[in-house]
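**Q** Below is run_29.tsv; it holds TSV, C-alpha atoms.
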```tsv
chain	number	residue	atom	x	y	z
R	1421	MET	CA	0.00	0.00	0.00
R	1422	HIS	CA	1.22	3.48	-0.86
R	1423	LYS	CA	0.70	6.22	1.68
R	1424	CYS	CA	1.11	9.95	1.16
R	1425	VAL	CA	4.10	11.30	3.17
R	1426	ARG	CA	2.25	14.52	3.94
R	1427	CYS	CA	-1.25	13.47	5.00
R	1428	GLY	CA	-0.86	9.72	5.39
R	1429	ARG	CA	-3.80	8.98	3.07
R	1430	ALA	CA	-3.61	5.61	1.34
R	1431	ALA	CA	-3.44	5.86	-2.45
R	1432	LYS	CA	-6.58	4.41	-4.01
R	1433	SER	CA	-5.31	4.00	-7.54
R	1434	LEU	CA	-2.23	4.03	-9.73
R	1435	LYS	CA	-3.46	7.26	-11.28
R	1436	GLU	CA	-3.44	8.90	-7.87
R	1437	ILE	CA	0.15	7.82	-7.34
R	1438	ASN	CA	1.16	9.23	-10.71
R	1439	ASP	CA	-0.82	12.46	-10.40
R	1440	GLY	CA	-0.23	13.10	-6.73
R	1441	CYS	CA	-2.25	13.02	-3.56
R	1442	PRO	CA	-5.29	15.34	-3.29
R	1443	CYS	CA	-3.34	17.19	-0.58
R	1444	GLY	CA	-0.76	18.21	-3.18
R	1445	ALA	CA	2.10	15.95	-2.18
R	1446	LYS	CA	3.66	13.72	-4.82
R	1447	VAL	CA	5.70	11.43	-2.63
R	1448	PHE	CA	4.25	8.19	-1.37
R	1449	ILE	CA	5.65	5.61	0.99
R	1450	PHE	CA	5.37	1.97	0.07
R	1451	ASN	CA	4.30	0.03	3.13
R	1452	ARG	CA	5.43	-3.57	2.77
R	1453	GLN	CA	3.58	-4.77	5.86
R	1454	ALA	CA	0.32	-3.43	4.50
R	1455	VAL	CA	0.96	-5.27	1.25
R	1456	CYS	CA	1.51	-8.55	3.09
R	1457	ASP	CA	-1.60	-8.01	5.14
R	1458	ALA	CA	-3.59	-7.17	2.07
R	1459	GLY	CA	-2.12	-10.13	0.19
R	1460	SER	CA	-3.01	-12.56	2.93
R	1461	GLU	CA	-6.55	-11.29	2.78
R	1462	GLY	CA	-6.64	-11.83	-0.94
R	1463	GLY	CA	-6.84	-8.15	-1.78
R	1464	LYS	CA	-4.58	-6.28	-4.14
R	1465	PRO	CA	-2.76	-3.16	-2.93
R	1466	ALA	CA	-3.02	-0.02	-4.96
R	1467	GLY	CA	-0.30	0.45	-7.53
R	1468	GLU	CA	1.16	-3.03	-7.19
R	1469	GLY	CA	2.93	-4.12	-10.34
R	1470	ALA	CA	2.90	-0.63	-11.69
R	1471	GLY	CA	6.51	0.19	-11.20
R	1472	GLY	CA	6.66	0.94	-7.46
R	1473	VAL	CA	6.73	4.35	-5.86
R	1474	ALA	CA	6.39	7.54	-7.79
R	1475	THR	CA	9.82	9.09	-7.28
R	1476	GLU	CA	13.39	8.29	-6.32
R	1477	GLU	CA	12.86	10.20	-3.06
R	1478	GLY	CA	9.86	8.03	-2.49
R	1479	TRP	CA	12.01	4.92	-2.84
R	1480	ARG	CA	14.49	6.20	-0.31
R	1481	ASP	CA	11.76	7.26	2.06
R	1482	ALA	CA	9.98	3.98	1.64
R	1483	LYS	CA	13.12	1.97	2.23
R	1484	ALA	CA	14.06	4.02	5.27
R	1485	GLY	CA	10.52	3.95	6.59
R	1486	ALA	CA	10.23	0.20	6.14
R	1487	GLU	CA	13.43	-0.27	8.12
R	1488	GLY	CA	12.14	1.98	10.86
R	1489	ARG	CA	15.17	4.25	10.72
R	1490	VAL	CA	13.68	7.62	9.93
R	1491	PRO	CA	10.28	9.27	10.04
R	1492	PRO	CA	8.32	9.98	6.83
R	1493	SER	CA	9.29	13.66	6.87
R	1494	TYR	CA	12.91	12.58	6.43
R	1495	HIS	CA	13.81	14.86	3.53
R	1496	ALA	CA	12.12	17.94	4.91
R	1497	ARG	CA	14.02	17.54	8.11
R	1498	MET	CA	17.29	16.80	6.32
R	1499	SER	CA	17.25	20.12	4.47
R	1500	PHE	CA	18.60	23.43	5.78
R	1501	SER	CA	16.93	26.80	5.38
R	1502	SER	CA	18.29	30.32	5.76
R	1503	GLU	CA	16.62	30.47	9.17
R	1504	ASP	CA	18.74	27.63	10.48
R	1505	VAL	CA	21.80	28.54	12.50
R	1506	GLU	CA	22.95	24.98	13.00
R	1507	ASN	CA	25.12	23.10	10.55
R	1508	ILE	CA	24.48	19.67	12.08
R	1509	LYS	CA	21.01	18.36	12.79
R	1510	ILE	CA	20.14	15.24	14.72
R	1511	ILE	CA	17.44	13.61	12.61
R	1512	SER	CA	17.11	10.55	14.76
R	1513	LYS	CA	19.38	8.31	16.75
R	1514	GLY	CA	22.48	7.80	14.61
R	1515	VAL	CA	21.14	9.87	11.70
R	1516	PHE	CA	22.56	13.34	11.12
R	1517	ALA	CA	22.16	16.03	8.48
R	1518	LEU	CA	25.26	18.07	7.69
R	1519	GLU	CA	25.43	21.49	6.07
R	1520	LEU	CA	28.82	21.11	4.45
R	1521	HIS	CA	29.27	24.65	3.16
R	1522	SER	CA	28.79	26.14	6.61
R	1523	LEU	CA	30.92	23.45	8.25
R	1524	SER	CA	33.85	24.48	6.06
R	1525	ARG	CA	33.92	28.01	7.43
R	1526	ASP	CA	31.95	28.28	10.67
R	1527	PRO	CA	32.12	26.73	14.11
R	1528	ILE	CA	30.28	23.45	14.45
R	1529	VAL	CA	26.74	24.19	15.61
R	1530	LEU	CA	24.65	21.21	16.58
R	1531	LYS	CA	20.93	21.56	17.15
R	1532	ASP	CA	19.70	19.23	19.82
R	1533	GLU	CA	16.11	20.38	19.97
R	1534	ASP	CA	14.36	23.61	19.10
R	1535	GLY	CA	16.13	26.32	21.08
R	1536	VAL	CA	19.00	24.16	22.33
R	1537	TYR	CA	22.31	24.45	20.51
R	1538	TYR	CA	25.84	23.23	21.11
R	1539	VAL	CA	28.76	25.13	19.62
R	1540	LYS	CA	32.24	23.73	19.03
R	1541	ILE	CA	34.72	26.48	18.31
R	1542	PRO	CA	37.84	25.39	16.43
R	1543	PHE	CA	41.14	27.04	17.24
R	1544	GLU	CA	41.46	28.28	13.71
R	1545	GLN	CA	39.05	28.43	10.80
R	1546	ASN	CA	40.44	26.74	7.71
R	1547	GLY	CA	41.81	29.36	5.34
R	1548	LYS	CA	40.06	32.25	7.06
R	1549	ALA	CA	43.22	33.73	8.50
R	1550	ALA	CA	45.13	33.26	5.27
R	1551	GLY	CA	45.84	36.98	5.04
R	1552	LYS	CA	47.46	36.86	8.43
R	1553	ASP	CA	49.70	33.88	7.75
R	1554	LYS	CA	52.80	35.95	8.24
R	1555	LYS	CA	51.79	36.78	11.75
R	1556	ARG	CA	51.00	33.23	12.81
R	1557	THR	CA	53.33	31.40	15.07
R	1558	PRO	CA	54.90	28.21	13.69
R	1559	GLN	CA	53.12	25.94	16.12
R	1560	ASN	CA	49.75	27.22	14.92
R	1561	ARG	CA	50.31	26.97	11.19
R	1562	SER	CA	48.84	23.50	10.96
R	1563	GLY	CA	45.48	24.87	12.10
R	1564	GLY	CA	42.24	22.98	12.11
R	1565	GLY	CA	42.59	21.62	15.62
R	1566	PHE	CA	40.17	22.00	18.46
R	1567	ALA	CA	40.47	23.16	22.00
R	1568	PRO	CA	41.52	20.35	24.31
R	1569	PHE	CA	38.04	19.69	25.66
O	548	MET	CA	65.94	62.53	23.00
O	549	ILE	CA	66.53	60.53	19.82
O	550	GLY	CA	64.27	57.79	21.14
O	551	ARG	CA	61.46	60.25	21.72
O	552	LEU	CA	61.97	61.69	18.26
O	553	LEU	CA	61.78	58.21	16.75
O	554	ASP	CA	58.63	57.47	18.74
O	555	TRP	CA	57.12	60.72	17.48
O	556	LEU	CA	57.99	59.89	13.88
O	557	LYS	CA	56.64	56.37	14.35
O	558	GLY	CA	53.48	57.90	15.72
O	559	ILE	CA	53.07	59.98	12.60
O	560	PHE	CA	54.07	57.53	9.90
O	561	GLY	CA	54.06	54.10	11.39
O	562	LYS	CA	50.59	53.46	12.74
O	563	LYS	CA	47.46	52.26	11.07
O	564	LYS	CA	44.79	54.93	10.72
O	565	ASN	CA	41.90	52.97	12.21
O	566	ILE	CA	42.30	50.09	14.60
O	567	THR	CA	39.36	47.69	14.73
O	568	ILE	CA	39.11	46.44	18.28
O	569	GLY	CA	36.77	43.60	19.23
O	570	ILE	CA	35.35	43.16	22.70
O	571	TYR	CA	35.08	39.44	23.37
O	572	GLY	CA	33.97	37.25	26.23
O	573	SER	CA	31.27	35.00	27.61
O	574	PRO	CA	27.68	36.25	28.01
O	575	ASN	CA	27.02	38.65	30.89
O	576	VAL	CA	30.65	39.43	31.69
O	577	GLY	CA	30.13	43.13	30.96
O	578	LYS	CA	31.15	43.50	27.31
O	579	THR	CA	28.40	45.94	26.37
O	580	THR	CA	28.76	47.83	29.64
O	581	LEU	CA	32.44	48.32	28.85
O	582	ALA	CA	31.79	49.15	25.19
O	583	ASN	CA	29.24	51.74	26.26
O	584	ARG	CA	31.66	53.15	28.84
O	585	ILE	CA	34.44	53.46	26.24
O	586	CYS	CA	32.16	54.95	23.59
O	587	VAL	CA	30.47	57.40	25.96
O	588	ASP	CA	33.82	58.49	27.38
O	589	LEU	CA	35.51	58.88	24.01
O	590	ALA	CA	32.73	59.41	21.47
O	591	GLY	CA	29.80	60.68	23.52
O	592	GLU	CA	27.26	57.94	22.84
O	593	PRO	CA	26.74	54.26	23.74
O	594	VAL	CA	26.72	51.29	21.37
O	595	GLY	CA	24.08	48.95	22.74
O	596	ALA	CA	21.53	47.98	25.37
O	597	VAL	CA	22.51	46.21	28.59
O	598	SER	CA	20.33	43.54	30.18
O	599	PRO	CA	20.53	40.96	32.97
O	600	VAL	CA	19.10	38.41	30.53
O	601	PRO	CA	22.01	36.55	28.91
O	602	HIS	CA	22.68	37.09	25.19
O	603	GLU	CA	21.16	40.57	25.04
O	604	THR	CA	23.73	41.44	22.34
O	605	ARG	CA	23.02	39.00	19.53
O	606	THR	CA	24.60	40.85	16.62
O	607	VAL	CA	27.91	42.69	16.41
O	608	GLN	CA	27.42	46.29	17.55
O	609	ARG	CA	29.83	48.79	16.04
O	610	LYS	CA	30.97	52.31	16.77
O	611	ASP	CA	33.46	53.79	14.32
O	612	ARG	CA	36.05	56.51	14.76
O	613	VAL	CA	36.32	56.45	18.52
O	614	VAL	CA	39.33	58.61	19.27
O	615	LEU	CA	41.56	57.89	22.24
O	616	LYS	CA	44.01	60.61	23.20
O	617	LEU	CA	45.97	60.02	26.35
O	618	LYS	CA	49.41	60.99	27.63
O	619	GLY	CA	50.76	61.80	24.20
O	620	TYR	CA	49.12	58.83	22.50
O	621	ALA	CA	46.47	59.26	19.84
O	622	LEU	CA	44.48	56.36	18.48
O	623	THR	CA	41.36	56.10	16.32
O	624	MET	CA	39.40	52.91	16.92
O	625	ASN	CA	36.42	51.11	15.48
O	626	VAL	CA	34.90	49.47	18.54
O	627	LEU	CA	33.06	46.18	17.96
O	628	ASP	CA	30.92	44.88	20.79
O	629	MET	CA	30.61	41.16	20.15
O	630	PRO	CA	27.77	38.81	21.11
O	631	GLY	CA	28.66	36.68	24.10
O	632	ILE	CA	30.37	33.44	23.16
O	633	ALA	CA	29.00	30.24	24.66
O	634	VAL	CA	29.40	26.55	23.88
O	635	LYS	CA	25.79	25.80	24.74
O	636	VAL	CA	22.72	27.95	24.23
O	637	ASP	CA	19.58	26.61	25.86
O	638	TYR	CA	16.26	28.42	25.59
O	639	ARG	CA	15.28	27.13	29.05
O	640	ASP	CA	17.89	29.46	30.56
O	641	PHE	CA	15.78	32.41	29.38
O	642	LEU	CA	12.47	31.19	30.72
O	643	GLU	CA	13.30	32.29	34.28
O	644	TYR	CA	13.46	35.88	33.01
O	645	GLY	CA	9.81	35.81	31.99
O	646	LEU	CA	10.20	35.03	28.31
O	647	SER	CA	7.67	32.73	26.68
O	648	LYS	CA	8.90	29.46	25.24
O	649	GLU	CA	8.65	30.83	21.69
O	650	GLU	CA	10.50	34.03	22.62
O	651	ALA	CA	13.16	32.02	24.43
O	652	GLN	CA	13.65	29.68	21.46
O	653	LYS	CA	13.92	32.64	19.11
O	654	ARG	CA	16.44	34.28	21.42
O	655	ALA	CA	18.44	31.05	21.56
O	656	ARG	CA	18.53	30.83	17.77
O	657	GLU	CA	19.63	34.47	17.45
O	658	ALA	CA	22.18	34.06	20.22
O	659	THR	CA	23.69	31.03	18.48
O	660	ARG	CA	23.88	32.97	15.24
O	661	GLY	CA	25.62	35.73	17.25
O	662	VAL	CA	28.23	33.27	18.53
O	663	VAL	CA	29.01	32.24	14.95
O	664	GLU	CA	29.22	35.90	13.90
O	665	ALA	CA	31.57	36.74	16.76
O	666	VAL	CA	33.88	33.85	15.88
O	667	ARG	CA	33.87	34.90	12.21
O	668	HIS	CA	34.92	38.41	13.24
O	669	LEU	CA	38.12	37.05	14.73
O	670	ASP	CA	39.50	37.37	11.23
O	671	LYS	CA	38.45	41.00	10.97
O	672	VAL	CA	39.71	42.58	14.17
O	673	ASP	CA	43.15	44.11	14.65
O	674	ALA	CA	43.08	43.86	18.42
O	675	ALA	CA	40.91	42.41	21.15
O	676	LEU	CA	39.78	43.15	24.66
O	677	PHE	CA	38.92	39.86	26.28
O	678	ILE	CA	36.55	40.40	29.19
O	679	ILE	CA	36.46	38.02	32.12
O	680	ASP	CA	34.05	38.26	35.01
O	681	ALA	CA	36.45	38.42	37.97
O	682	THR	CA	33.78	37.03	40.28
O	683	GLU	CA	33.59	33.77	38.31
O	684	ASP	CA	35.94	30.87	37.68
O	685	PRO	CA	38.20	31.94	34.77
O	686	TYR	CA	39.07	28.35	33.77
O	687	THR	CA	36.25	27.95	31.29
O	688	GLN	CA	36.16	26.33	27.88
O	689	VAL	CA	35.09	29.58	26.24
O	690	ASN	CA	37.88	31.62	27.83
O	691	ILE	CA	40.59	29.15	26.91
O	692	THR	CA	39.28	28.45	23.40
O	693	ILE	CA	38.76	32.06	22.41
O	694	LEU	CA	42.07	33.19	23.86
O	695	GLY	CA	43.65	30.30	21.94
O	696	ASN	CA	42.02	31.56	18.74
O	697	ILE	CA	43.21	35.10	19.40
O	698	GLU	CA	46.70	33.81	20.13
O	699	ALA	CA	46.70	31.64	16.98
O	700	ARG	CA	45.97	34.72	14.89
O	701	ASN	CA	48.57	36.77	16.75
O	702	ILE	CA	45.97	39.41	17.57
O	703	PRO	CA	47.13	41.82	20.28
O	704	VAL	CA	44.93	41.26	23.32
O	705	ILE	CA	44.38	42.72	26.75
O	706	ILE	CA	42.52	40.63	29.29
O	707	VAL	CA	40.08	42.77	31.22
O	708	ALA	CA	39.17	41.46	34.66
O	709	ASN	CA	35.79	43.11	35.11
O	710	LYS	CA	33.41	43.62	38.04
O	711	ILE	CA	36.08	44.51	40.60
O	712	ASP	CA	33.42	46.56	42.39
O	713	LEU	CA	31.84	43.29	43.57
O	714	PRO	CA	33.05	41.67	46.81
O	715	LYS	CA	33.54	38.26	45.19
O	716	ALA	CA	35.97	39.62	42.57
O	717	ASN	CA	39.28	37.76	42.50
O	718	THR	CA	41.64	39.27	39.93
O	719	LYS	CA	44.59	37.24	41.24
O	720	ARG	CA	42.83	34.10	40.03
O	721	VAL	CA	42.46	35.62	36.56
O	722	ARG	CA	46.19	36.39	36.42
O	723	GLU	CA	47.06	32.90	37.59
O	724	ALA	CA	44.79	31.39	34.94
O	725	PHE	CA	46.35	33.35	32.10
O	726	PRO	CA	50.00	34.04	32.89
O	727	GLY	CA	51.86	35.95	30.23
O	728	TYR	CA	48.86	38.06	29.27
O	729	GLU	CA	48.42	41.69	30.17
O	730	VAL	CA	45.54	41.87	32.64
O	731	VAL	CA	43.81	45.11	33.60
O	732	ASP	CA	41.35	45.15	36.50
O	733	ILE	CA	38.34	47.38	36.02
O	734	SER	CA	34.73	47.95	36.86
O	735	ALA	CA	32.90	48.84	33.68
O	736	MET	CA	29.86	49.57	35.82
O	737	THR	CA	31.49	52.22	38.04
O	738	GLY	CA	34.30	53.25	35.71
O	739	GLU	CA	36.94	52.27	38.25
O	740	ASN	CA	40.45	51.98	36.76
O	741	LEU	CA	39.24	52.72	33.23
O	742	GLU	CA	42.15	55.07	32.71
O	743	ALA	CA	44.57	52.19	33.23
O	744	LEU	CA	42.73	50.29	30.50
O	745	TYR	CA	42.85	53.26	28.14
O	746	LEU	CA	46.56	53.61	28.79
O	747	GLY	CA	47.05	49.89	28.18
O	748	ILE	CA	45.18	50.13	24.87
O	749	ALA	CA	47.11	53.20	23.81
O	750	GLU	CA	50.48	51.69	24.69
O	751	LYS	CA	49.72	48.38	23.01
O	752	LEU	CA	48.18	49.70	19.81
O	753	SER	CA	49.70	53.10	19.14
```
Please render this file's structure as structure tokens.

**A**
Amino acid sequence: MHKCVRCGRAAKSLKEINDGCPCGAKVFIFNRQAVCDAGSEGGKPAGEGAGGVATEEGWRDAKAGAEGRVPPSYHARMSFSSEDVENIKIISKGVFALELHSLSRDPIVLKDEDGVYYVKIPFEQNGKAAGKDKKRTPQNRSGGGFAPF
Amino acid sequence: MIGRLLDWLKGIFGKKKNITIGIYGSPNVGKTTLANRICVDLAGEPVGAVSPVPHETRTVQRKDRVVLKLKGYALTMNVLDMPGIAVKVDYRDFLEYGLSKEEAQKRAREATRGVVEAVRHLDKVDAALFIIDATEDPYTQVNITILGNIEARNIPVIIVANKIDLPKANTKRVREAFPGYEVVDISAMTGENLEALYLGIAEKLS
């Protein structure tokens, strides 16, 4: 059975999977357990044999969802917006989202929950002090290290 | 005589026109109070608001062309009051000051952005005043990490042991924690010993 990632509504037909859910979302999760249940009851799940889920994201979501690793809103939570100050998000236990561009120039900022942040300040930002290389002491030229904590 | 002449010539030709000086430290150590004191004393107007709620300064506050003239020294500074640097920002710390959960979470997000901005500015300042609350333990992760960053960039720094007007102040402990650094004891609140700080700045940066 295919379920909409946004509203959770079960897709009733292949056309609905191709065209999108009435709520506007176009990503569906394929629920293997529901298929088995439906199969054992002799029913046929919507979209079966029609080429699987609608999109590549849907495949990844479905696979992750079936394994119980991440919630359905996986991709929305994995993305970063301009409002975000963190460059590492904890998506779930053992699953992190990294904002690589920010990590290359800023301190590490990890968001634990809304309004709780941890900041790791490196001793030297890579390449940022390039204009001041002449002034640096030899022991600090390697850069990139962290405070001993 | 010749030495004084050389110093005079160095003063005319050798110094940078504007020195950008950053005021760094943990939240609520008195950075904005000191920045206001300096800017009111030398430029006639403050730079930012002071509050007992931590992380009141969440963006870099700037006052340009602050002129320090003292005992033959003359220095023009751009004073940057930095957001307080912390390794953890938790919205729950703000709730006790009467903020709603949403306000506290917003403040936490802005404060964290301020920490990042302050760290980025380490590459933009020519000199730093590093403020330490003399009533608190100076052996903190923020103090050691930020001083390490300043040292790594070879930025001239004066450690300012603030709040000496309070009975719990222990400036000896600050000196013991950071040997080899110039430490000036002040009260930004009362203005006590500010002249010694001005002289230290002038001597170090002129």

**Q** Counting all atoms listed in the file, write as number ranges by chain all protein and nucleic acid residues lying at most 12 Å from (34.7, 44.3, 11.3) in the file's frame.

**A** O: 565-570, 606-611, 624-629, 664-675

**Q** Using all atoms listed in the file, I'd like every residue of chain O that has an atom within 6 Å of chain R; please write them out as an MDAnalysis selection string.

**A** chainID O and resid 634:638 652 655 660 670 692 696 699:701

**Q** Nearest to Ile1510 (chain R) among R:Met1498, R:Asn1451, R:Ser1524, R:Arg1429, with distances taken over all atoms listed in the file: which residue is it?

**A**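 Of all the options, R:Met1498 lies closest to Ile1510 (chain R).
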
**Q** What's around Ala1517 (chain R) at 10 Å? Count only C-alpha atoms, leave out sequence neighbours fewer than 2 positions away in its own chain, and write the answer as an NGL selection string.

**A** :R and (1495 or 1497-1500 or 1507-1512 or 1515 or 1519-1520 or 1530)

**Q** Could you check how far CA of Leu622 (chain O) sits from CA of Leu741 (chain O), in Å to one decimal?

**A** 16.1 Å

**Q** Using only C-alpha atoms, find the one residue out of O:Pro726, O:Gly747, O:Pro685, O:Pro593 that sits nearest to Ala708 (chain O).

**A**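 Closest residue, counting only C-alpha atoms: O:Pro685.
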
**Q** Quick one: residues within 8 Å of Val597 (chain O), only C-alpha atoms, excluding same-chain residues fewer than 2 positions away - as a list in words?

**A**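 Neighbouring residues, sequence-local ones excluded: Thr579, Thr580, Gly595, Pro599, Glu603 and Thr604 of chain O.
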
**Q** Using CA of Val689 (chain O) and CA of Ser734 (chain O) as the two end points, give the distance in Å to one decimal.

**A**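 Between CA of Val689 (chain O) and CA of Ser734 (chain O) the gap is 21.2 Å.
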
**Q** What does the distance between CA of Arg605 (chain O) and CA of Leu581 (chain O) come to in Å, to one decimal place?

**A**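 Interatomic distance, CA of Arg605 (chain O) to CA of Leu581 (chain O): 16.2 Å.
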
**Q** Using all atoms listed in the file, find the one residue out of O:Arg584, O:Leu646, O:Pro574, O:Asp680 that sits nearest to Met736 (chain O).

**A**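 Selected residue with least distance to Met736 (chain O): O:Arg584.
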